[in-house]
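A.B. asks: Pasting a structure below so you can have a look.
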Amino acid sequence: FLFNLYLTTINIVSVHYNYTFRLRNHRNISFKSSMQSFSNNISVIVILLLAACGRYAIAFSATTTTAQQQRLTFQGLQDNQFRHPLDRDLTALVRATPGASLAETAFRRAFPLVEEGARLDLLASSVRVSDKQLPNLHKLLLEACKVLEISSTPELYVQSNSQANAFTTAFQGNTPVIVVTSALLDRCSDREIQAIIGHELGHLKCEHSFYLTMGGIASAPLRILLPFVGNSVVDSLLQEWRLAAEYSCDRAAVLVAQDIDVVASAMLKLFSGTSKYDVNAEAFVAQADEYDELLQSASPAVRASVRNQQRTHPLPVRRVAELKRWSKSNKYLNLLKNSGVAI
């Protein structure tokens, strides 16, 4: 069994080296810290869950003047239709790992304990959105779920926090949870808030908590058999997978917003730290090109230092540039043309 897992891990590593991009991060808050006391009382497998289902946090802030277009829902939408290639390929390998079904059973049995603790904390300290409580937000949530073909509507909570942020459990359990902070709501328009919700729904649809946890388990034999080289290779691979997962969910945000300017402008307002002034997405993409040129011409020591930084989200300059590229791709345009049905 371990030998089969080892072979699978080698396949995963080989996929990793077919990708030459390097992904980077902006600041993130750990969801695990808010449930530390609860996690101490449950099994080791739940601790693994907490490590992987930390806050897939993404915060946006922006205003936009883009005209409202006819909204589409994507009938029969599958997660692989918007996953980033690295996210898609590694997820497929994990699904094919010997023993994956047994691990999935254990995960799905253990996760409700984590989910229950999170919901208790949120019910005690946050405001749950419904058709009777913040109904406008509830409507945005329902519409985003419809667009992404998510049948089980998650619970949405508003949490008092001075940092604009959003996060999810990233797993389709008994009662999935999405949280947005009060600061984020204060900075964003309704369409931007819905795009943020779309990003978090992307994590739920892709079940990133489960697959990233499984990826960590499947890579364990490599850490054991190659304790020195294996650790660095596995850590690097899982890091890039986490970042690719964020790209996947940025695409989900675009599918929900159906306007690249809404998502890009929201991101830029977050990265600049203010919503007071207008920002230019194209200028920021040009800034990304300048970053790449400078990185290539930098000394090897500087490049190594930059690339070895541990991040949970891609660098802002890469994120906006990647979003722009995908919004112009045939894959996205074909989704709009062939799968989109007016709401």
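Identifiers in the structure tokens: chain A, B, ... in order shown; residue index from 1 per chain; ligand index from 1 in order shown.
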List the neighbours of Leu86 of chain A out to 7 Å using only C-alpha atoms; skip same-chain residues closer than 4 positions along the sequence, and give me the result as a ChimeraX atom specification.
C.D. replies: /A:90,241,244
A.B. asks: List the neighbours of Ala124 of chain A out to 12 Å using only C-alpha atoms; skip same-chain residues closer than 5 positions along the sequence, and give me the result as a list in words.
C.D. replies: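 Neighbouring residues, sequence-local ones excluded: Gly117, Ala118, Arg119, Tyr157, Val158 and Gln159 of chain A.
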A.B. asks: Name the residues in contact with Ser272 of chain A at a cut-off of 10 Å, using only C-alpha atoms, excluding same-chain residues fewer than 5 positions from it; report them as number ranges by chain.
C.D. replies: A: 61, 267, 277, 279, 316
A.B. asks: Any chance you can output those residues with N, CA, C and O atoms as a compact mmCIF listing (two decimals), in the first residue's frame?
C.D. replies:
# COMPACT_ATOMS: atom_id res chain seq x y z
N SER A 61 -11.63 44.73 -2.27
CA SER A 61 -12.31 45.98 -1.98
C SER A 61 -12.27 46.85 -3.22
O SER A 61 -11.21 47.06 -3.78
N MET A 267 -9.79 43.39 -6.52
CA MET A 267 -8.46 42.93 -6.09
C MET A 267 -7.50 44.11 -5.91
O MET A 267 -6.78 44.20 -4.91
N TYR A 277 -9.40 55.91 -4.19
CA TYR A 277 -8.99 56.36 -5.51
C TYR A 277 -9.20 55.26 -6.54
O TYR A 277 -9.16 54.06 -6.23
N VAL A 279 -8.19 52.83 -9.60
CA VAL A 279 -6.97 52.14 -10.00
C VAL A 279 -7.14 51.58 -11.40
O VAL A 279 -8.26 51.38 -11.86
N PRO A 316 0.09 39.47 -5.80
CA PRO A 316 -0.94 40.29 -6.45
C PRO A 316 -0.68 40.54 -7.94
O PRO A 316 -1.61 40.43 -8.75
A.B. asks: Per DSSP on the backbone, filter segment 43-279 of chain A down to the residues in helix (DSSP H, G or I) and report them as number ranges by chain.
C.D. replies: A: 44-52, 79-81, 85-95, 100-125, 135-147, 182-187, 190-206, 208-218, 220-225, 229-257, 260-272
A.B. asks: Rank A:Ser339, A:Asn330, A:Thr97, A:Gln287 by their smallest atom-to-atom distance to Leu315 of chain A, using only C-alpha atoms, and report the top residue only.
C.D. replies: A:Gln287
A.B. asks: Between A:Glu192, A:Phe82, A:Gly202, A:Ser126, which residue has the minimum interatomic distance to Ser327 of chain A, considering only C-alpha atoms?
C.D. replies: A:Phe82
A.B. asks: Go through A:Arg191, A:Arg109, A:Lys132, A:Arg319 one by one, measure the shortest atom-to-atom distance of each to Gln258 of chain A using only C-alpha atoms, and give the residue with the smallest value.
C.D. replies: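 Residue with the minimum atom-to-atom distance to Gln258 of chain A: A:Arg191.
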A.B. asks: When you draw a straight line from atom CA of Glu104 of chain A to atom CA of Thr73 of chain A, how long is it in Å?
C.D. replies: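 Going from atom CA of Glu104 of chain A over to atom CA of Thr73 of chain A covers 29.8 Å.
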A.B. asks: Of the candidates A:Glu322, A:Cys249, A:Ala266, A:Met214, which shows the shortest atom-to-atom distance to Leu93 of chain A, using only C-alpha atoms?
C.D. replies: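 Closest to Leu93 of chain A of all the choices is A:Met214.
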A.B. asks: Can you list, as a list in words, every residue of segment 167-315 of chain A that DSSP puts in strand (DSSP E or B)?
C.D. replies: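 The strand (DSSP E or B) residues within segment 167-315 of chain A come out as Phe167, Thr168, Val177, Ile178, Val179, Val180 and Thr181 of chain A.
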A.B. asks: Counting only C-alpha atoms, what is within 9 Å of Ser182 of chain A, bar same-chain residues fewer than 4 positions away, as a PDB file with N, CA and C atoms, in the first residue's frame?
C.D. replies:
ATOM      1  N   VAL A 158     -21.662  37.023   8.711  1.00  0.00           N
ATOM      2  CA  VAL A 158     -20.949  38.295   8.728  1.00  0.00           C
ATOM      3  C   VAL A 158     -20.276  38.417  10.087  1.00  0.00           C
ATOM      4  N   GLN A 159     -18.965  38.623  10.074  1.00  0.00           N
ATOM      5  CA  GLN A 159     -18.167  38.671  11.294  1.00  0.00           C
ATOM      6  C   GLN A 159     -17.552  40.057  11.448  1.00  0.00           C
ATOM      7  N   SER A 160     -17.630  40.594  12.636  1.00  0.00           N
ATOM      8  CA  SER A 160     -17.035  41.909  12.893  1.00  0.00           C
ATOM      9  C   SER A 160     -15.517  41.796  12.886  1.00  0.00           C
ATOM     10  N   ASN A 161     -14.888  42.526  11.960  1.00  0.00           N
ATOM     11  CA  ASN A 161     -13.432  42.467  11.840  1.00  0.00           C
ATOM     12  C   ASN A 161     -12.976  43.687  11.054  1.00  0.00           C
ATOM     13  N   SER A 162     -11.901  44.316  11.500  1.00  0.00           N
ATOM     14  CA  SER A 162     -11.403  45.524  10.836  1.00  0.00           C
ATOM     15  C   SER A 162     -10.640  45.214   9.556  1.00  0.00           C
ATOM     16  N   GLN A 163     -10.324  43.942   9.320  1.00  0.00           N
ATOM     17  CA  GLN A 163      -9.615  43.562   8.099  1.00  0.00           C
ATOM     18  C   GLN A 163     -10.606  43.009   7.078  1.00  0.00           C
ATOM     19  N   ALA A 164     -10.557  43.536   5.861  1.00  0.00           N
ATOM     20  CA  ALA A 164     -11.428  43.041   4.795  1.00  0.00           C
ATOM     21  C   ALA A 164     -10.991  41.638   4.411  1.00  0.00           C
ATOM     22  N   ASN A 165     -11.880  40.666   4.588  1.00  0.00           N
ATOM     23  CA  ASN A 165     -11.478  39.280   4.402  1.00  0.00           C
ATOM     24  C   ASN A 165     -12.702  38.400   4.186  1.00  0.00           C
ATOM     25  N   ASP A 186     -18.166  46.854   4.019  1.00  0.00           N
ATOM     26  CA  ASP A 186     -18.151  48.318   3.996  1.00  0.00           C
ATOM     27  C   ASP A 186     -17.424  48.863   2.777  1.00  0.00           C
ATOM     28  N   ARG A 187     -16.446  48.109   2.256  1.00  0.00           N
ATOM     29  CA  ARG A 187     -15.626  48.604   1.146  1.00  0.00           C
ATOM     30  C   ARG A 187     -16.186  48.251  -0.225  1.00  0.00           C
TER      31      ARG A 187
END
A.B. asks: Find the residues of segment 237-331 of chain A that sit at most 9 Å from segment 141-150 of chain A; for each, write down the nearest two atoms and how far apart they are in Å, to one decimal. Count only C-alpha atoms. Sort by chain, then by number going up, and give it as JSON lines.
C.D. replies:
{"residue": "A:Ala252", "atom": "CA", "partner": "A:Leu148", "partner_atom": "CA", "distance": 7.7}
{"residue": "A:Leu255", "atom": "CA", "partner": "A:Leu148", "partner_atom": "CA", "distance": 7.5}
{"residue": "A:Val256", "atom": "CA", "partner": "A:Ala144", "partner_atom": "CA", "distance": 5.8}
{"residue": "A:Ala257", "atom": "CA", "partner": "A:Ala144", "partner_atom": "CA", "distance": 8.5}
A.B. asks: Generate the output file for the selected residues, C-alpha atoms, as an mmCIF file, in the first residue's frame.
C.D. replies:
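Output saved as selection.cif:
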data_model
loop_
_atom_site.group_PDB
_atom_site.id
_atom_site.type_symbol
_atom_site.label_atom_id
_atom_site.label_comp_id
_atom_site.auth_asym_id
_atom_site.auth_seq_id
_atom_site.Cartn_x
_atom_site.Cartn_y
_atom_site.Cartn_z
ATOM 1 C CA ALA A 252 -14.930 30.965 -10.120
ATOM 2 C CA LEU A 255 -17.777 33.105 -13.625
ATOM 3 C CA VAL A 256 -20.053 34.597 -10.980
ATOM 4 C CA ALA A 257 -19.320 38.252 -11.756
#
A.B. asks: Just checking: using only C-alpha atoms, which residue out of A:Lys139, A:Ala100, A:Val254, A:Ser232 ends up closest to Leu335 of chain A?
C.D. replies: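 Nearest to Leu335 of chain A: A:Val254.
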